[in-house]
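K.L.:
Have a look at this one.
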Number of protein chains: 2
Amino acid sequence: MKIQLQSIGTIHSPYLPGLPIPHQPPENAPGEFWITLDPEYQAGLDQLLTYRYLYVFFYLDQIKENINLHIHPSWAPEIEVGIFASRSPKRPNPIGLSIVELKGIEGNEILISGIDVYNGTPLLDLKPYIRAIDLKSDANDGWFDQLQDKDHLVAHMLGLQHEHEHEHTHVHNQEHSHKQAHHTHVPSSPKLSRSLRVTSKKTSQK
Amino acid sequence: MKIQLQSIGTIHSPYLPGLPIPHQPPENAPGEFWITLDPEYQAGLDQLLTYRYLYVFFYLDQIKENINLHIHPSWAPEIEVGIFASRSPKRPNPIGLSIVELKGIEGNEILISGIDVYNGTPLLDLKPYIRAIDLKSDANDGWFDQLQDKDHLVAHMLGLQHEHEHEHTHVHNQEHSHKQAHHTHVPSSPKLSRSLRVTSKKTSQK
């Protein structure tokens, strides 16, 4: 079934196509981030500002490569996971989703916290992040939970300031091309346990 | 900009088009819920089962009505909010998003907890819900927070068992057509404070 959508606005960020970009919405990212909603939809923003967080849906228009059903995660390139167990952009339908903080609304412009998209990315939808529905207090981190040095990798993924064993402190952001494969302070490849390879934990539900 | 996507599978639920349906993924919903991924994408499910929760993206193919930029929420029909401040399906791009629990994977079939879609809904994407990224502990409930009787309305929205002042206990699920407008135990329309009408809380960010 073919499905036709349309962009309804544009996302603005300091990240230029072809240059390095964060892999997740960066906390306290430097630079300006905002969304220009096409003016005909502006009335649809009423009451949005009562929410602290937003889901931003976008079209990954810069993905030129063919999709892969398996990918090597940016933060753990030594393993391989299915595309649906990852947030990699090279997926069958190139829909991106990021959660951002809502900072303000001026007419048809929406000021947001850092978002991991290239400048000019087409907007598909905005939905409120609703605490009662979307905050899953018992959520886990999937295969990430089984990686050695998980906390360190999460800090990198989120662009959080953290310390390394060789005792310097840094923040990873868009000015820092972060090729994990060449990252010397990461421990040697963790061997994933066989338990990661299971494909079913339960065959029926009550 | 026109964007072409494709369905990559089908979502199965007990909810038939044209009949009542929950407005959010129902907790402990009776019935069977599963996703049939088109077989050519099956390899993309590897490692997905390590996650407890999934984002399910779908195409709202049963929405025939024209979109509205303002809607009356199902749980608070006396107020009006912009479409982007709601999860109403009648939106410019009919992309649905629900978070479900992952129960098991058998080949190209994915067993899930209750989902608020009609049987036969086209699947667009699956992404893991990642605790480190998606759990926003300081999220709020937006305009919902300002409603009288908020906790009661949230319980209805989520299909949770709860008590009413007139002292009976019930669970709302798909067998119960839930037209809030005719719901006699709900207090008279809360008057939204003027503060809900603000359209900017901050005009710049640091």
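Here, A, B, ... name the chains of the structure tokens in the order displayed, residue numbers run from 1 inside each chain, and ligands are numbered from 1 in the same displayed order.
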Which residues are near B:Phe58? Cut-off 7 Å, only C-alpha atoms, ignore same chain within fewer than 3 positions. Put them as a PDB file with all heavy atoms, in the first residue's frame.
P.N.:
```
ATOM      1  N   ILE B  95      -0.382  10.194  10.594  1.00  0.00           N
ATOM      2  CA  ILE B  95       0.562   9.245  11.188  1.00  0.00           C
ATOM      3  C   ILE B  95       0.152   9.016  12.636  1.00  0.00           C
ATOM      4  O   ILE B  95       0.025   9.973  13.393  1.00  0.00           O
ATOM      5  CB  ILE B  95       2.004   9.790  11.175  1.00  0.00           C
ATOM      6  CG1 ILE B  95       2.451  10.110   9.751  1.00  0.00           C
ATOM      7  CG2 ILE B  95       2.961   8.790  11.822  1.00  0.00           C
ATOM      8  CD1 ILE B  95       3.814  10.816   9.709  1.00  0.00           C
ATOM      9  N   GLY B  96      -0.061   7.776  13.018  1.00  0.00           N
ATOM     10  CA  GLY B  96      -0.361   7.432  14.402  1.00  0.00           C
ATOM     11  C   GLY B  96       0.877   6.893  15.091  1.00  0.00           C
ATOM     12  O   GLY B  96       1.763   6.323  14.443  1.00  0.00           O
ATOM     13  N   LEU B  97       0.928   7.107  16.408  1.00  0.00           N
ATOM     14  CA  LEU B  97       2.045   6.603  17.212  1.00  0.00           C
ATOM     15  C   LEU B  97       1.487   6.055  18.508  1.00  0.00           C
ATOM     16  O   LEU B  97       0.749   6.748  19.208  1.00  0.00           O
ATOM     17  CB  LEU B  97       3.020   7.743  17.537  1.00  0.00           C
ATOM     18  CG  LEU B  97       4.203   7.358  18.421  1.00  0.00           C
ATOM     19  CD1 LEU B  97       5.180   6.474  17.651  1.00  0.00           C
ATOM     20  CD2 LEU B  97       4.931   8.592  18.945  1.00  0.00           C
ATOM     21  N   THR B 121      -4.950  -2.082  10.361  1.00  0.00           N
ATOM     22  CA  THR B 121      -4.258  -0.788  10.171  1.00  0.00           C
ATOM     23  C   THR B 121      -2.857  -1.003   9.578  1.00  0.00           C
ATOM     24  O   THR B 121      -2.098  -1.834  10.065  1.00  0.00           O
ATOM     25  CB  THR B 121      -4.175  -0.053  11.529  1.00  0.00           C
ATOM     26  OG1 THR B 121      -5.498   0.297  11.923  1.00  0.00           O
ATOM     27  CG2 THR B 121      -3.332   1.203  11.427  1.00  0.00           C
ATOM     28  N   PRO B 122      -2.506  -0.234   8.548  1.00  0.00           N
ATOM     29  CA  PRO B 122      -1.177  -0.390   7.925  1.00  0.00           C
ATOM     30  C   PRO B 122      -0.043   0.087   8.838  1.00  0.00           C
ATOM     31  O   PRO B 122      -0.107   1.182   9.392  1.00  0.00           O
ATOM     32  CB  PRO B 122      -1.266   0.497   6.668  1.00  0.00           C
ATOM     33  CG  PRO B 122      -2.723   0.714   6.425  1.00  0.00           C
ATOM     34  CD  PRO B 122      -3.367   0.705   7.789  1.00  0.00           C
ATOM     35  N   LEU B 123       0.980  -0.746   8.941  1.00  0.00           N
ATOM     36  CA  LEU B 123       2.174  -0.426   9.739  1.00  0.00           C
ATOM     37  C   LEU B 123       3.152   0.417   8.925  1.00  0.00           C
ATOM     38  O   LEU B 123       3.415   0.126   7.760  1.00  0.00           O
ATOM     39  CB  LEU B 123       2.859  -1.734  10.145  1.00  0.00           C
ATOM     40  CG  LEU B 123       4.166  -1.599  10.938  1.00  0.00           C
ATOM     41  CD1 LEU B 123       3.876  -1.098  12.346  1.00  0.00           C
ATOM     42  CD2 LEU B 123       4.910  -2.933  10.976  1.00  0.00           C
ATOM     43  N   LEU B 124       3.705   1.447   9.562  1.00  0.00           N
ATOM     44  CA  LEU B 124       4.724   2.286   8.896  1.00  0.00           C
ATOM     45  C   LEU B 124       6.142   2.044   9.424  1.00  0.00           C
ATOM     46  O   LEU B 124       7.102   2.076   8.667  1.00  0.00           O
ATOM     47  CB  LEU B 124       4.393   3.773   9.075  1.00  0.00           C
ATOM     48  CG  LEU B 124       3.210   4.308   8.283  1.00  0.00           C
ATOM     49  CD1 LEU B 124       2.967   5.772   8.648  1.00  0.00           C
ATOM     50  CD2 LEU B 124       3.451   4.175   6.783  1.00  0.00           C
ATOM     51  N   ASP B 125       6.262   1.833  10.730  1.00  0.00           N
ATOM     52  CA  ASP B 125       7.602   1.678  11.299  1.00  0.00           C
ATOM     53  C   ASP B 125       7.481   1.115  12.712  1.00  0.00           C
ATOM     54  O   ASP B 125       6.423   1.213  13.350  1.00  0.00           O
ATOM     55  CB  ASP B 125       8.332   3.042  11.344  1.00  0.00           C
ATOM     56  CG  ASP B 125       9.856   2.934  11.487  1.00  0.00           C
ATOM     57  OD1 ASP B 125      10.396   1.807  11.440  1.00  0.00           O
ATOM     58  OD2 ASP B 125      10.502   3.988  11.648  1.00  0.00           O
TER      59      ASP B 125
END
```
K.L.:
Where does chain A meet chain B within 7 Å, residue by residue, with the nearest atom pair and distance in Å to one decimal for each, counting only C-alpha atoms, listed by chain and rising number, as a Markdown table?
P.N.:
```
| residue | atom | partner | partner_atom | distance |
| --- | --- | --- | --- | --- |
| A:Met1 | CA | B:Ser7 | CA | 5.4 |
| A:Lys2 | CA | B:Gln6 | CA | 4.5 |
| A:Ile3 | CA | B:Leu5 | CA | 5.0 |
| A:Gln4 | CA | B:Gln4 | CA | 4.8 |
| A:Leu5 | CA | B:Ile3 | CA | 5.0 |
| A:Gln6 | CA | B:Lys2 | CA | 4.5 |
| A:Ser7 | CA | B:Met1 | CA | 5.4 |
| A:Tyr41 | CA | B:Leu69 | CA | 6.8 |
| A:Ala43 | CA | B:Leu69 | CA | 6.0 |
| A:Gly44 | CA | B:Gly82 | CA | 3.9 |
| A:Leu45 | CA | B:Gly82 | CA | 5.1 |
| A:Asp46 | CA | B:Gly82 | CA | 4.4 |
| A:Gln47 | CA | B:Val81 | CA | 5.7 |
| A:Leu48 | CA | B:Ala85 | CA | 4.4 |
| A:Leu49 | CA | B:Thr199 | CA | 6.6 |
| A:Thr50 | CA | B:Gly142 | CA | 4.4 |
| A:Tyr51 | CA | B:Gly142 | CA | 4.1 |
| A:Arg52 | CA | B:Ala139 | CA | 6.0 |
| A:Tyr53 | CA | B:Ala139 | CA | 6.3 |
| A:Leu69 | CA | B:Gly44 | CA | 4.5 |
| A:His70 | CA | B:Gly44 | CA | 6.0 |
| A:Val81 | CA | B:Gln47 | CA | 5.7 |
| A:Gly82 | CA | B:Gly44 | CA | 4.0 |
| A:Ile83 | CA | B:Gly44 | CA | 4.8 |
| A:Phe84 | CA | B:Lys127 | CA | 5.4 |
| A:Ala85 | CA | B:Leu48 | CA | 4.3 |
| A:Ser86 | CA | B:Lys127 | CA | 6.4 |
| A:Arg87 | CA | B:Lys127 | CA | 6.2 |
| A:Asn93 | CA | B:Leu5 | CA | 6.0 |
| A:Lys103 | CA | B:Lys202 | CA | 6.1 |
| A:Gly104 | CA | B:Lys202 | CA | 4.8 |
| A:Ile105 | CA | B:Ser200 | CA | 4.9 |
| A:Glu106 | CA | B:Ser200 | CA | 6.3 |
| A:Leu124 | CA | B:Asn93 | CA | 6.4 |
| A:Asp125 | CA | B:Asn93 | CA | 6.5 |
| A:Leu126 | CA | B:Phe84 | CA | 5.5 |
| A:Lys127 | CA | B:Phe84 | CA | 5.4 |
| A:Pro128 | CA | B:Ala85 | CA | 5.7 |
| A:Ile130 | CA | B:Asp141 | CA | 5.0 |
| A:Arg131 | CA | B:Asn140 | CA | 5.2 |
| A:Ala132 | CA | B:Asp141 | CA | 6.7 |
| A:Leu135 | CA | B:Leu135 | CA | 5.3 |
| A:Lys136 | CA | B:Leu135 | CA | 6.4 |
| A:Ala139 | CA | B:Arg131 | CA | 5.3 |
| A:Asn140 | CA | B:Arg131 | CA | 5.2 |
| A:Asp141 | CA | B:Ile130 | CA | 5.0 |
| A:Gly142 | CA | B:Tyr51 | CA | 4.1 |
| A:Trp143 | CA | B:Thr50 | CA | 5.5 |
| A:Leu196 | CA | B:Gln47 | CA | 6.4 |
| A:Arg197 | CA | B:Gln47 | CA | 6.6 |
| A:Thr199 | CA | B:Ile105 | CA | 6.1 |
| A:Ser200 | CA | B:Ile105 | CA | 4.9 |
| A:Lys201 | CA | B:Gly104 | CA | 5.4 |
| A:Lys202 | CA | B:Gly104 | CA | 4.8 |
| A:Thr203 | CA | B:Gly104 | CA | 5.7 |
```
K.L.:
Rounded to one decimal, what separation in Å do you get between atom CA of B:His12 and atom CA of B:Asn119?
P.N.:
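For atom CA of B:His12 relative to atom CA of B:Asn119, the distance reads 4.6 Å.
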K.L.:
Separation of atom CA of B:Thr36 and atom CA of B:Ser13, in Å?
P.N.:
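Atom CA of B:Ser13 lies 11.3 Å from atom CA of B:Thr36.
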K.L.:
Can you list every residue in stretch 45-170 of chain B that DSSP puts in alpha helix (DSSP H), as a PyMOL selection string?
P.N.:
chain B and resi 131-134+150-158
K.L.:
At what distance in Å, to one decimal, does atom CA of B:Asn108 lie from atom CA of B:Leu37?
P.N.:
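One can read the atom CA of B:Leu37 to atom CA of B:Asn108 distance as 5.3 Å.
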K.L.:
Using only C-alpha atoms, find the one residue out of A:Val117, A:Leu60, A:Ile79, A:Leu160 that sits nearest to A:Leu147.
P.N.:
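Of the candidates, the smallest distance to A:Leu147 is held by A:Ile79.
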